[in-house]
Structures are given as structure tokens and as C-alpha cells.
Amino acid sequence: MKKILLATIVAVSALAVSCNYTDAWDVPVVKLGAYEKVFYPTPEEGDLTIRVTSNVAYEARIVDGYEWIKFADTKEAVLPCPGSGDIAVHYGANLYGKRVGRVVLCAEGRTDTVAIKQHGVYQDNFSIFDEDKSIFSSGTTIKVPEAGQSYVIRLNCNEIAANVKTKTTDPDFVTDLLFEHDVLSFTVKPNTYERPRQAQIELSYVNGWEEKVALIIYIDQEYVLRIE
């Protein structure tokens with residue numbers, strides 16, 4: 001029994017020594033990362049430099065935006081890199097709205113991502129056409145008569161209508177909601193609630209930087225108290 005116990009102690013001790021040795025010396029720590037994680041270039045064509053620190057060879061890959069982002073040293077979307085250094089990137093002119101491209105650094109199970117968020121010539125814009133602002137009593141509030149009314153409002157929007165979502169807080173109150181060709185149309189039904197009532201219309205889209213751009217219109221419908 002003593003021999004078995006002694007053998008077990010020796011085996012456990014050997015295992016502990018082996019694990020400590022492996023953890024301390026045999027497993028290299030892979031270091032890989034970009035100094036800057038996000039770049040914000042202007043709409044004009046230009047160049048930028050991604051500074052990378054790495055103690056191993058790795059690959060840089062363009063995973064989003066290959067049609068307008070290129071490595072300066074190759075026409076391919078993948079660039080082999082020996083270690084720490086600079087990656088030269090060329091980006092094209094942006095004649096539209098905001099857009100984002102991504103470069104991923106990959107090495108032995110470790111990755112890092114660099115986002116290139118380029119501004120566009122067109123700025124995010126969702127506003128009421130100047131000549132149609134007379135419809136609104138204040139800001140973005142419409143005072144609707146008790147009898148109800150239909151509205152057609154022109155809007156300034158730098159996004160195609162197909163990408164714009166519309167919704168109302170009360171679809172039974174505000175109906176026929178439609179946005180196309182930068183024109184918003186809807187109908188407010190007669191007020192039978194015997195009290196004033198309110199609703200909201202929201203138009204929104206998500207831009208190229210995955211940001212929500214929205215315009216909210218407030219509906220304030222009257223009710224005239226009748227004393228018989």
C-alpha cells in the first residue's frame with residue numbers, strides 16, 4: 001500500500017512540474033493588433049496607413065468594401081505580412097452617403113479588425129421641404145381639425161425611398177401612410193373620441209455607418225366640446 005501511495009505522489013509531482021514547465025516556456029503568446037481601430041477619411045480619394053504590432057506573421061484581409069478599398073502593395077484582397085509594420089491602404093472617392101469598409105488581421109487563431117468609415121458627399125438629411133413647413137403649427141407638429149384631413153408633405157431625404165421605413169403609433173388613427181419620391185402622404189381620420197388625441201409618425205433609415213437617421217412628425221388632433 002505504501003508503495004502505491006508513493007508512486008501516486010511521484011506521478012502527481014511529475015505532472016505538476018510538467019504543466020508548470022509547459023505553461024512557462026513552451027506556449028508562445030501571439031501578439032497582434034492595430035494601433036488605430038477606426039479611420040474617418042473624407043469623401044475625396046486618398047491613402048491611409050494601418051500601423052500593426054505583431055510578433056508573428058499574419059494576413060491582412062479586406063472583408064468589406066473591396067470595391068473601393070485596395071492595398072497599395074497588391075491588387076488582391078489578402079496581403080501577407082511578416083510581422084510588425086505599416087500597411088498602406090488606398091481608398092476611392094465617395095460620391096454618395098457614408099460607407100464603411102473593414103480590414104481584418106489574422107494570425108494563428110488571433111484576429112483584430114480595423115474599420116474605415118468614409119464620409120460621403122451626401123450628408124445624412126431628413127427634413128421638411130421649406131415650402132411645406134406652413135403645414136406645421138410648430139416645429140414638426142401638425143394641428144389637425146376634428147373632421148380629419150389628408151396630407152401630402154415633401155421631404156428632403158438623401159436616401160432612396162425603398163430603404164426608408166415608416167410607422168405610426170396609432171395605425172387606426174393615422175392611415176394610408178406612404179413615402180415615395182421624397183413625398184410623405186397620410187390621412188388622419190375624424191376624431192370620435194370626444195377628446196383631443198395625439199399620434200406620431202416616424203420615418204427612418206440606417207446609413208452606411210449603421211446609424212439610424214429619423215424624422216418624427218407629431219399629430220395633434222382637436223376635439224370641440226359641444227354643450228347641448
# chains A, B, ... in the order shown; residues from 1 in each chain; ligands from 1

call {"tool": "select_by_dssp", "arguments": {"residues": "segment 2-217 of chain A", "states": "alpha helix (DSSP H)", "output": "JSON, numbers by chain"}}
result
{"A": [2, 3, 4, 5, 6, 7, 8, 9, 10, 11, 12, 13, 14, 15, 16, 17, 18, 19, 20, 21]}

call {"tool": "closest_atom_pairs", "arguments": {"of": "segment 147-213 of chain A", "to": "segment 97-113 of chain A", "cutoff": "7 Å", "atoms": "only C-alpha atoms", "output": "CSV"}}
result
residue,atom,partner,partner_atom,distance
A:Asn207,CA,A:Lys98,CA,6.5
A:Gly208,CA,A:Arg99,CA,4.3
A:Trp209,CA,A:Arg99,CA,5.8

call {"tool": "write_last_selection", "arguments": {"atoms": "C-alpha atoms", "output": "compact mmCIF listing (two decimals), in the first residue's frame"}}
result
# COMPACT_ATOMS: atom_id res chain seq x y z
CA ASN A 207 -27.00 54.87 -43.07
CA GLY A 208 -23.75 53.28 -44.23
CA TRP A 209 -22.26 53.52 -40.74

call {"tool": "closest_residue", "arguments": {"among": "A:Thr74, A:Gln200, A:Asn158, A:Thr49", "to": "Ala88 of chain A", "atoms": "only C-alpha atoms"}}
result
A:Thr49

call {"tool": "residues_around", "arguments": {"residues": "Phe126 of chain A", "least_positions_apart": "3", "cutoff": "10 Å", "atoms": "only C-alpha atoms", "output": "number ranges by chain"}}
result
A: 123, 129, 155-159, 182, 203-205, 213-216

call {"tool": "closest_residue", "arguments": {"among": "A:Val63, A:Val114, A:Leu184, A:Leu95", "to": "Ala34 of chain A", "atoms": "only C-alpha atoms"}}
result
A:Val114

call {"tool": "closest_residue", "arguments": {"among": "A:Ile142, A:Ile201, A:Leu48, A:Leu177", "to": "Ile116 of chain A", "atoms": "only C-alpha atoms"}}
result
A:Leu48

call {"tool": "select_by_dssp", "arguments": {"residues": "segment 10-226 of chain A", "states": "strand (DSSP E or B)", "output": "NGL selection string"}}
result
:A and (32-34 or 38-39 or 46-54 or 58-64 or 69-71 or 78-81 or 85-91 or 99-107 or 110-118 or 126-128 or 138 or 141-144 or 149-157 or 165-168 or 174-180 or 183-188 or 197-206 or 212-221)

call {"tool": "atom_distance", "arguments": {"atom1": "atom CA of Pro80 of chain A", "atom2": "atom CA of Tyr58 of chain A"}}
result
6.2 Å

call {"tool": "atom_distance", "arguments": {"atom1": "atom CA of Val152 of chain A", "atom2": "atom CA of Val183 of chain A"}}
result
6.8 Å

call {"tool": "decode", "arguments": {"residues": "segment 101-140 of chain A", "atoms": "C-alpha atoms", "output": "CSV table (one decimal), in the first residue's frame"}}
result
chain,number,residue,atom,x,y,z
A,101,GLY,CA,-15.0,49.0,-45.1
A,102,ARG,CA,-13.2,46.6,-42.9
A,103,VAL,CA,-9.7,45.1,-42.8
A,104,VAL,CA,-9.2,42.0,-40.6
A,105,LEU,CA,-5.8,41.0,-39.3
A,106,CYS,CA,-5.5,37.2,-38.9
A,107,ALA,CA,-2.7,35.0,-37.2
A,108,GLU,CA,-2.9,31.6,-35.5
A,109,GLY,CA,-6.3,32.0,-34.1
A,110,ARG,CA,-6.0,35.6,-33.2
A,111,THR,CA,-7.7,38.5,-35.1
A,112,ASP,CA,-8.1,42.2,-35.0
A,113,THR,CA,-10.4,44.4,-37.1
A,114,VAL,CA,-9.9,47.9,-38.5
A,115,ALA,CA,-12.9,49.9,-39.7
A,116,ILE,CA,-12.6,52.5,-42.4
A,117,LYS,CA,-15.6,54.8,-42.1
A,118,GLN,CA,-15.6,57.2,-45.0
A,119,HIS,CA,-17.7,60.3,-45.2
A,120,GLY,CA,-19.8,60.9,-48.3
A,121,VAL,CA,-20.6,63.9,-50.5
A,122,TYR,CA,-24.2,63.5,-49.4
A,123,GLN,CA,-24.8,64.2,-45.7
A,124,ASP,CA,-27.5,62.5,-43.6
A,125,ASN,CA,-30.6,64.6,-44.1
A,126,PHE,CA,-34.2,64.0,-43.2
A,127,SER,CA,-36.2,67.3,-43.0
A,128,ILE,CA,-39.3,69.0,-44.2
A,129,PHE,CA,-39.2,70.9,-47.5
A,130,ASP,CA,-39.1,74.6,-46.8
A,131,GLU,CA,-42.3,75.5,-48.7
A,132,ASP,CA,-44.3,72.8,-46.9
A,133,LYS,CA,-43.4,74.0,-43.4
A,134,SER,CA,-46.5,76.1,-43.4
A,135,ILE,CA,-48.5,72.9,-42.7
A,136,PHE,CA,-46.9,72.6,-39.3
A,137,SER,CA,-48.0,74.7,-36.3
A,138,SER,CA,-44.6,74.5,-34.6
A,139,GLY,CA,-41.5,72.5,-35.4
A,140,THR,CA,-42.8,69.1,-36.5
